[in-house]
Every structure is written in C-alpha cells, then in structure tokens.
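Reading through the structure tokens given below for one structure.
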2 protein chains.
Amino acid sequence: MRKPTVHDIVRVSGYSLATVDRVLNRRAGVRPATIEAVEETVRKIGYVRDISAANLASGRIYRITFILPSADSSFLSSLRAEVEQRQTILRAERVELSLKLVPQFDGKALAKALSELSKKTSNSIVIVGTDHPDVPAQIARLAAEGVPTLTLVSDLPSSGRLHYIGIANTAAGRAAASLLGRFLPKNTPAKLAVMAGSLKLKDHRDRLKGFQAVLEAEFPNVTIVAVLEGQDSEDTTFKLLSRCLKDHPDLAGLYSLGAGNRGVVSALKEAKGPPIRIVAHELTTVARAALEEGLFDAVLHQSPYQEVGACIRLSKSLIDGTPFDPADAEIRTEIFLRDTMPPETSLGGREKGTG
Amino acid sequence: MRKPTVHDIVRVSGYSLATVDRVLNRRAGVRPATIEAVEETVRKIGYVRDISAANLASGRIYRITFILPSADSSFLSSLRAEVEQRQTILRAERVELSLKLVPQFDGKALAKALSELSKKTSNSIVIVGTDHPDVPAQIARLAAEGVPTLTLVSDLPSSGRLHYIGIANTAAGRAAASLLGRFLPKNTPAKLAVMAGSLKLKDHRDRLKGFQAVLEAEFPNVTIVAVLEGQDSEDTTFKLLSRCLKDHPDLAGLYSLGAGNRGVVSALKEAKGPPIRIVAHELTTVARAALEEGLFDAVLHQSPYQEVGACIRLSKSLIDGTPFDPADAEIRTEIFLRDTMPPETSLGGREKGTG
DNA sequence: CTGAAAGCGCTTACAG
DNA sequence: CTGAAAGCGCTTACAG
C-alpha cells in the first residue's frame, strides 16, 4: 500500500510525466479529453501530491513580507523581534521573511509600502490593518497577481484581505467589562474611564464596543465618564489621564485598551489618588510590574509568538493551496492576574521597547 | 548567493557525495582526518542541510504514536478527535499518526501499551502522564532506542519524558483562587470546596496546590472545607458533591478542577441551594451551558487543537534534530466568563462525548 | 575507508 | 498538444 506517485499516474493513464504534471498543475495546452483522463486516474488511484518534492523540484521559495508599524511600543517591538528571530531558522525551510516598517496610524504609508510589492517580491503579505482609501486598492491589485494579503492584530474586514490573524477584540472588551464589573462593589454607582490608543484602529474600536455592551447589559450601576485616545504615546496618555483623574476624583476604574500602559502608570503614580481597579492590555514589562505592585488588576494579553507563527503557517498553506484550519488564526486572549503571571521567559514574545 | 548544497561540499572538500553524506549524518567508517576536513568545509561554506530533500531521498516517515485515555469525558473525546482529524491530512506530509487507547488512571495499562512500542512502530510517543513504576522503565527503554516520549496534559516530570506539552497547572490553580477570591465578598469568612478528578494525576495536584497557595496568601477569610475526588465520573462527582452541599449548607464557592462538570451541574441543580461561585475547567458543552445560565462564574480552558498541534510540531523537530521553541509547548490557559465565550465552532476542539 | 551510480517524487526546459 | 531527459538536494545500496 505504497503512496501513489506521478509515476503511477503515468503507468495507469498512459500519458507522460510532462502531461501528467501539466494536468496536475492546471497548466494550459492540454486537450480537454486528456485532462479528463488524467484526472480520472488521479481520482481512481487516490493520488495526492507530495508538496516538498514539488518544492524541491521547482526551487520554490516562500516569500512572506511583513509590513509592521515602526512605533516603539513594547508590543510592536515584540512583534517585530518575533519576525526577525525567525528569519534565519526559516531560510532552511525555503521561507524568506522580509520585514518593512511604516509609521503607526499611517494608512497612506501602508498603501505606499504595499504599492512597492508584487508577486516578484512576495508570495504572501502580512499587514497590521490601518485604514486608508488606497489600501484596499493595493490589496486588490496584489490579489489579482495571486498574492494574498493577511491582516494581523488589527483587521480591515472589507479591504479584500484574505484572513485576519489575531484575537477576538470584541470578546476581549467584553472580558474586560466582565472583570471590572465584578471587581467593583455590587449595585453601587461607579465611574469608569477608557483609555484607547486611537479609535481609528478597528481592534481598539472593537474592544471598546464589547466593553460598553457588557457594562450596559450587566452592570447598570457603572457609567463610562470618558473615552480618551492617547495615541499609544506615553506623553499624550499621561496628560489625558492626569486631566481625567483631576476631573473625576471619584473615578473607580479604568480600561486601558491600547498600548499606553507606561503613560497610564505614571499618571496614576503622580496623581496619588485612592487605588482604582484597572484592566489593561498586553503583558509588557510595564504591565507586569504594575500587576505585581497591585496597580493593575488584570491584563489581557495576545502572544506575538503565536501570532507570527500563525501568519507563517497560514501563508504557507495559502501558497501551497493546502487546507488550513481557521482555528489556527484565532489567537487566544490570555487573562493574567497578579497570581497567574508566567515567568518572564515564557511570555511567547521577547520583550523589548519602551512601554 | 545560492544556498550551498552537498555538491558544494564535494567540490570544495574533494571528497565524494557518499563520504560527505557519511560525515553529515555521523555514520561510522570514516577516517577522523576526513571527518575533520569535511566538517571544516561545511563550516566554511555555511552549509545547512535541506531536511525535506533528505526526507524525500530516505523515504522517511514520521511515525508518531499517541496513547490516550479511553474515558468518555468531553475533553478527552476532543483530544482523541483532534488526533483522528489530522491523520489523513498529515499523511501527505509523511506524518503517520497512530492512536492507542488505555483506561484512564491506569498506569499499568499505560506501561503495557508502551511496552508494545519500539523504534519500528514509533519515532515519537505522546502519552497522558499516569503514574506507575513501570512507566519510567518503558520510557527509558524507548529513549535508549532513540524514541522520545512526550507527556501531554498531565506531566510525569521524573519519568525521563523529554518534554511536557500542556498548560501551567499550578498557575491555573492560582488563577482560579484569584478569581474566586475576588468574586466573594471581601473580608467576610467564606467556605470553599474543591472537586478534583483524582489526586493521583499531577495536573490535578498542581491545580490544587496553586489554588491553596493563593488562598492562603491573599484570602485568609476563605477556608477550604473539602477536597473531593470524583474520579472524573459523573456519578461519583454527583454523590460526593451532593453530600458536601448537605454538610455545608453555607458553602460559598467551588473549584471544579477535573473533568466532572456534568456531575457538578446535576448536584447543584438537585440541591436547589442558594447560588455559589464556581470556577471550573474545560469549556465543554456542559460548562458552556452552565456559564450561560450563570451557574458557573468562570471556566479555565486548554485547547486540544493547540495541544495536538504542538505535540506534532515538537515530535517532528525532535525526529529531525531541528531546534524547537519551547514556548510552543506552553499551552495557554484561557479564562472564559459568561460574556466572553467564543462561538461553539472556534473552540479549537471538536466537542463530543458526555461531559 | 571511499566512491560512482541510481533513485526519492516532482518540475523544467527543450523537441517534436 | 505531447513526451524524453535532466535536474532539485539529498540518501542508499553496491563495489572496490
């Protein structure tokens, strides 16, 4: 019961290797009757192509291009480091990762970076979704060339991207509300603030949406008094939150759903107010310290390691035309409490950057 | 800048393909001086072996044997289904998964199943750790043959297994305590019970240990009044918990750390007592319903999909002698609250079984 | 101890 | 529209 090979197709169908190969790879210039005959044989003997042999023969290289924001946040640094780390190991497996950087929140720059790519440079492209009218046009152009684009971390659902790889952000926002709601005293009015990075990002919008939905449905005692956009900048976040803490001295809690942890921590420490309940995102060095000190109550985390791994596996499947389990693209939102932090090394992301 | 191949080694070193291959694969019968010369060349030209070409030439098949408990719990059914699902897809990649079943909690049966394996049948073995004096002996025998054994879900740290794939169970127990502790009224005495499957299992012991540690350190108001072992059986769990609810009518919470959710739910419903706070494990159909009804407060989950995927990737790396990122084996504990359940399909495990 | 040749399962020019 | 031959980067008998 040896696995059937192309030679078996040749033997059974009577056609030559070259013709069989043409049919198998749907290349032009074969009579319909021949195609039918070969395909029938394939079905009959249950042939399935050995992809690594095919790759070896054709000298295929998987060129995967990542376009990531250059911003200096801890999370984005981890993401970039993850890509860089894998470059050398993957070369041995015929996978060539290239990494391009663009300014954060800059859809135009993203579109420009995409415009420089083609099937010559990339067999698959991974971007962090940032809205701009030119982006879908570029994605469509690349798709027409046969190059799929994937969104990572922040989705662009109607852009023509083939897949989104990242956490379920609405569910993450719901989790944040569920935790904050239960951490606050029951049936007592309480004020909450939200610190986002930018509501131009779909992941931030989705988190906010989920957060609001659960609060409204289950915690009518809680009101959101401010939704701030700190631009994922330490400075802006610090200023906005400091202002907010002054305006609402009775603030009971905060959901920090962007990458502004550093600014959040300094604003809180400087304000020296009574402790408030805080749920934040991404277990960066700063967030970890805040959790340990009891400043943060919970941190929702996504693993750059798993995200980049999923991007590569998905890209390879897409390039090979091989089936892919979509569950692999659904990155899990991890919830960390003070008592449940993993050792620094097992974070699944190599920490760098500044906050 | 083409990637160097064996032919380049031949050209530069002056030796033949056969000799180069012998050195590369550390086969016997080569003069030390020759070995040295070839290895020097390898270093000089930066050669790195193309594993898929090697596999093609040698006709290698990755034989991975899973020995899993046959018990009918939802979680174990998912795990088995996960292995079965992948069998056909992986054949095309020269990976042959075989699945053997043994009775749960039966270390002797596990040792016996192991005793039937050898390097002829398996290149890598995955077991759910169950203690028995014969198990380490079998693992050692297989290791001597060059066959690594991995533990999945429940570890056997000093058995000689090469790696553990699963969640950090102590941390999961800590998370459970942290959640339950915060869900209960602050500074008010409260009684808690724990329902385990069997404390013979390391994963259950570890969860209990982490749970106790956090309660002691942070929630001195809480006492554990009972640690029960329901054998992951609906019936036993039902009886033990019903009894416990009668004995402690003021029970405030429960940590169900094994696979006895079905029995837990029926005991609670039958007791008709006041609601208690519950944290359980594994987002099975029963747990999901209990979460939706508000019967359970939180569920800690591990994904069979990710676990089996990690087993296969680790096994392949081990067989190839290729580097492996240990982070891939650290399966994340997911925390689900009522408001954060994913759709049934994206659980990363195909649900079956009875509880 | 070493080497020449054939082959793994596929694809690629090149001829016809 | 179809086929014979060579080759991808390795390994495997078989000879010497």
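If you're wondering about the labels, chains in the structure tokens are A, B, ... by order shown, residues count from 1 in each chain, ligands from 1 in order shown.
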
Give me the chain D side of the contact with chain B, cut-off 8 Å, one line per residue showing its nearest atom pair and distance in Å at one decimal, counting only C-alpha atoms (C1' of nucleotides), sorted by chain and residue number, as a tab-separated table.
residue	atom	partner	partner_atom	distance
D:DG9	C1'	B:Ala53	CA	5.4
D:DC10	C1'	B:Ala54	CA	4.6
D:DT11	C1'	B:Ala57	CA	5.2
D:DT12	C1'	B:Ser58	CA	7.7

Which of segment 252-297 of chain A DSSP labels helix (DSSP H, G or I), written as a PyMOL selection string: chain A and resi 261-271+285-293

Can those selected residues be exported to a file as an mmCIF file, in the first residue's frame so that it contains N, CA and C atoms?
data_model
loop_
_atom_site.group_PDB
_atom_site.id
_atom_site.type_symbol
_atom_site.label_atom_id
_atom_site.label_comp_id
_atom_site.auth_asym_id
_atom_site.auth_seq_id
_atom_site.Cartn_x
_atom_site.Cartn_y
_atom_site.Cartn_z
ATOM 1 N N ASN A 261 0.310 51.789 28.378
ATOM 2 C CA ASN A 261 0.486 51.412 29.778
ATOM 3 C C ASN A 261 1.468 52.298 30.531
ATOM 4 N N ARG A 262 2.537 52.643 29.852
ATOM 5 C CA ARG A 262 3.560 53.430 30.527
ATOM 6 C C ARG A 262 2.992 54.774 31.003
ATOM 7 N N GLY A 263 2.267 55.448 30.126
ATOM 8 C CA GLY A 263 1.648 56.717 30.490
ATOM 9 C C GLY A 263 0.587 56.538 31.566
ATOM 10 N N VAL A 264 -0.134 55.450 31.499
ATOM 11 C CA VAL A 264 -1.166 55.169 32.499
ATOM 12 C C VAL A 264 -0.526 55.044 33.873
ATOM 13 N N VAL A 265 0.547 54.273 33.943
ATOM 14 C CA VAL A 265 1.204 54.042 35.224
ATOM 15 C C VAL A 265 1.750 55.346 35.800
ATOM 16 N N SER A 266 2.391 56.163 34.963
ATOM 17 C CA SER A 266 2.963 57.387 35.531
ATOM 18 C C SER A 266 1.877 58.366 35.968
ATOM 19 N N ALA A 267 0.797 58.439 35.209
ATOM 20 C CA ALA A 267 -0.294 59.341 35.603
ATOM 21 C C ALA A 267 -0.873 58.919 36.953
ATOM 22 N N LEU A 268 -1.054 57.611 37.125
ATOM 23 C CA LEU A 268 -1.633 57.119 38.376
ATOM 24 C C LEU A 268 -0.710 57.392 39.548
ATOM 25 N N LYS A 269 0.573 57.130 39.329
ATOM 26 C CA LYS A 269 1.514 57.313 40.430
ATOM 27 C C LYS A 269 1.607 58.778 40.813
ATOM 28 N N GLU A 270 1.609 59.635 39.821
ATOM 29 C CA GLU A 270 1.708 61.058 40.096
ATOM 30 C C GLU A 270 0.452 61.594 40.775
ATOM 31 N N ALA A 271 -0.709 61.044 40.394
ATOM 32 C CA ALA A 271 -1.971 61.550 40.949
ATOM 33 C C ALA A 271 -2.089 61.229 42.438
ATOM 34 N N THR A 285 6.614 44.607 30.015
ATOM 35 C CA THR A 285 7.371 44.757 31.256
ATOM 36 C C THR A 285 6.660 45.701 32.224
ATOM 37 N N VAL A 286 6.173 46.798 31.669
ATOM 38 C CA VAL A 286 5.480 47.785 32.490
ATOM 39 C C VAL A 286 4.204 47.196 33.101
ATOM 40 N N ALA A 287 3.439 46.498 32.276
ATOM 41 C CA ALA A 287 2.171 45.944 32.756
ATOM 42 C C ALA A 287 2.429 44.882 33.820
ATOM 43 N N ARG A 288 3.477 44.109 33.590
ATOM 44 C CA ARG A 288 3.826 43.067 34.542
ATOM 45 C C ARG A 288 4.177 43.671 35.914
ATOM 46 N N ALA A 289 4.965 44.716 35.882
ATOM 47 C CA ALA A 289 5.340 45.377 37.139
ATOM 48 C C ALA A 289 4.105 45.961 37.818
ATOM 49 N N ALA A 290 3.235 46.555 37.015
ATOM 50 C CA ALA A 290 2.028 47.169 37.570
ATOM 51 C C ALA A 290 1.127 46.113 38.208
ATOM 52 N N LEU A 291 1.075 44.952 37.578
ATOM 53 C CA LEU A 291 0.284 43.845 38.106
ATOM 54 C C LEU A 291 0.882 43.383 39.434
ATOM 55 N N GLU A 292 2.186 43.281 39.458
ATOM 56 C CA GLU A 292 2.852 42.804 40.665
ATOM 57 C C GLU A 292 2.663 43.764 41.834
ATOM 58 N N GLU A 293 2.706 45.056 41.539
ATOM 59 C CA GLU A 293 2.516 46.070 42.581
ATOM 60 C C GLU A 293 1.074 46.178 43.033
#

Distance-based interface of chain A with chain B, 8 Å, counting only C-alpha atoms, as a PyMOL selection string: chain A and resi 48-53+56+92-93+171-172+174-175+178+182-183+214+306+327-328+330+332-337+339-342+346-348

Point-to-point distance from atom CA of Ala226 of chain B to atom CA of Ala193 of chain B, Å rounded to tenths: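 Straight-line distance from atom CA of Ala226 of chain B to atom CA of Ala193 of chain B works out to 4.9 Å.
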
Expected answer as a PyMOL selection string: strand (DSSP E) residues in segment 37-107 of chain A: chain A and resi 62-69+95-102

Å distance separating atom CA of Ile319 of chain A from atom CA of Ser77 of chain A, one decimal place: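 These two atoms are separated by 27.3 Å.
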
Nearby residues (only C-alpha atoms (C1' of nucleotides)) at most 6 Å from segment 150-164 of chain A, same-chain spacing under 3 positions excluded, as a VMD selection string: chain A and resid 126 to 129 136 202 to 203
